[in-house]
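*Asks:* Could you have a look at this structure, given as structure tokens, before my questions?
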Amino acid sequence: MRTLACALLLLAACSDSKNGPKDAPSNGDGQPGDGATADAPACEPAPLAACGTPVSGSNVTLRRIMPNVAGAPLLVTSPKNDPRMFIVERSGLIYVYENEVKRATPFLDVSGSIAAGGEQGLLGLAFHPSYGCNGEFFIFYTTNASNIVARCTVSTADPNVANPTCTPILTIPDFASNHNGGMMEFGPDGFLYIGTGDGGGGGDPRRNGQSLTNGSPQANSIALLGKMLRIDVNTKAPGKEYGIPPTNPFAAGGGAPEIFLIGLRNPWRWSFDKGTGDLWIGDVGQVATEELTVLKAGEQAGKNLGWSVFEGNGCCLTQGDKCDQNGSQAACDMTNKVFPQNTRSHPTWISIIAGETYRGTCYPDLVGWHFYTDHSAQAAGLHKARLTANGTFETVPVTVTMPSGVSSIHADARGELYMTTIQGGLYHLEATP
Ligand SMILES: [Ca+2]
Ligand SMILES: [Ca+2]
């Protein structure tokens, strides 16, 4: 692992956190990779200050930050305790936004190494939980033959510029330009979670959603597609550029060891609730149904979300779209499948976008609500949802004028939520009395 000039990073990362507590009590869970402990190394940035002027009320407004941002922004994220926002553009660029101003020089440009356009491009970005010390981050991008997860590093010279070359650590073969997933986050356990699509075409032609090993159930099945994967970027298993968490469902055999969840179609956007560790997944549907599934912390590993035996709560065969192409009615087996808490029907909804659960400090009345929408945002609207204390799923429409073409709702290091649109919009989700 390369060493970095942590002092440089610390200066940048702490620039507006001078009011933050110097010796904040641990809010970590003591799990691997969680650097938010009382004895965090000096290179870790201090926690960011809480919002100076919290605003009560739960009427949501969307404040447009920039008139237009270049490219097709897909996602905003930040390193832990870092006041900057990093915005991912489909074409292969990552830009730094500081105090809502876009820096002229890109943080990273991998546009020459990827295939971009439509559902392809630079689709994911996740900063290592110890980014402040090791400068590592991970990107997910497509080529015309594969989906690639690569390890990148910030430069030693400039905390706003990354080293130009990233190193692929996981290359997953692909056969169609659509259904590439691409969302990545580090979980509360410090492991990197990677959402993959079923590869594409339509109706999961290779039966990848339920494939546990390459070549099964069809000769051309690809096991790492149509899944949530989980890897350990801090170790290396024999023959791999990453480690396998020992608690992965197939770590000891029976399937590809990277697999964490089974049966996804195209989990374009999803997130962990940073307060509870619950995992909220939006899985884009085939012809009928968009799905929102919440997997509670501790009840996630090995779950099977059903694709492509089921779309939503229905057997694909009964819906007439022949998802279970090699199966029969008898093969539409509900055993050991997890079904979504919430389904939405076409054509009003076309591509669900799970967002993020608000855990910021500026809008206390929004805390604990997960905000989600659809790519067809003006038709579908904005919605908020939560699990009540007894685990009941609750969802409420939010009255707000939505832009078109929403591509993500995701949080910065303060827990503030930002919405991107494929046309170039960037909005801050705010609340008023
Ligand atoms: Ca694909
Ligand atoms: Ca499903």
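Residue numbering restarts at 1 in every chain; chains get A, B, ... in the order shown in the structure tokens, and ligands count up from 1 in that same order.
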Counting only C-alpha atoms, what is within 9 Å of stretch 299-307 of chain A, bar same-chain residues fewer than 4 positions away, as JSON, numbers by chain?
*Replies:* {"A": [198, 204, 207, 208, 209, 210, 226, 247, 248, 249, 250, 259, 260, 261, 262, 263, 264, 265, 278, 279, 293, 295, 311, 312, 313, 316, 323, 324, 334, 336, 337, 338, 339, 340]}
*Asks:* Among stretch 157-400 of chain A, which ones does DSSP assign to strand (DSSP E) (computed from the backbone)? Answer as number ranges by chain.
*Replies:* A: 167-173, 184-186, 192-195, 227-231, 259-262, 269-272, 279-283, 289-295, 310-311, 314-315, 342-345, 352-357, 370-374, 382-387, 393-398
*Asks:* Name the residues, by chain letter and number, that sit within 9 Å of ligand 1 using only C-alpha atoms and all ligand atoms, and give them as an NGL selection string.
*Replies:* :A and (119-120 or 142 or 144-147 or 173-181 or 196-201 or 225)
*Asks:* Would you give me, as a PyMOL selection string, the residues in stretch 18-193 of chain A that DSSP reads as alpha helix (DSSP H)?
*Replies:* chain A and resi 131-134
*Asks:* So that each row is one residue of stretch 173-199 of chain A with an atom at most 12 Å from stretch 65-85 of chain A, can you give its shortest atom pair and the distance in Å to one decimal, using only C-alpha atoms, rows by chain and rising number, as a tab-separated table?
*Replies:*
residue	atom	partner	partner_atom	distance
A:Gly182	CA	A:Leu74	CA	10.5
A:Met183	CA	A:Leu75	CA	9.1
A:Met184	CA	A:Thr77	CA	10.7
A:Glu185	CA	A:Thr77	CA	9.8
A:Phe186	CA	A:Pro79	CA	10.7
*Asks:* What's around A:Thr53 at 10 Å? Count only C-alpha atoms, leave out sequence neighbours fewer than 4 positions away in its own chain, and write the answer as a compact mmCIF listing (two decimals) with N, CA and C atoms, in the first residue's frame.
*Replies:*
# COMPACT_ATOMS: atom_id res chain seq x y z
N THR A 361 -27.67 16.87 9.76
CA THR A 361 -28.04 17.64 10.95
C THR A 361 -28.73 18.96 10.62
N CYS A 362 -28.87 19.28 9.32
CA CYS A 362 -29.49 20.56 8.96
C CYS A 362 -31.02 20.51 9.07
N TYR A 363 -31.62 19.33 8.85
CA TYR A 363 -33.08 19.22 8.79
C TYR A 363 -33.54 18.09 9.71
*Asks:* How many Å separate atom CA of A:Val367 from atom CA of A:Phe272?
*Replies:*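 If I compute the distance from atom CA of A:Val367 to atom CA of A:Phe272, I get 14.3 Å.
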*Asks:* Find the residues near A:Val96: any atom within 8 Å, counting only C-alpha atoms, skip ones fewer than 5 places away on the same chain, and give them as a list in words.
*Replies:*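 These residues fall inside the cut-off: Arg84, Met85, Phe86, Ile87, Lys102, Arg103, Pro106, Phe107 and Asn160 of chain A.
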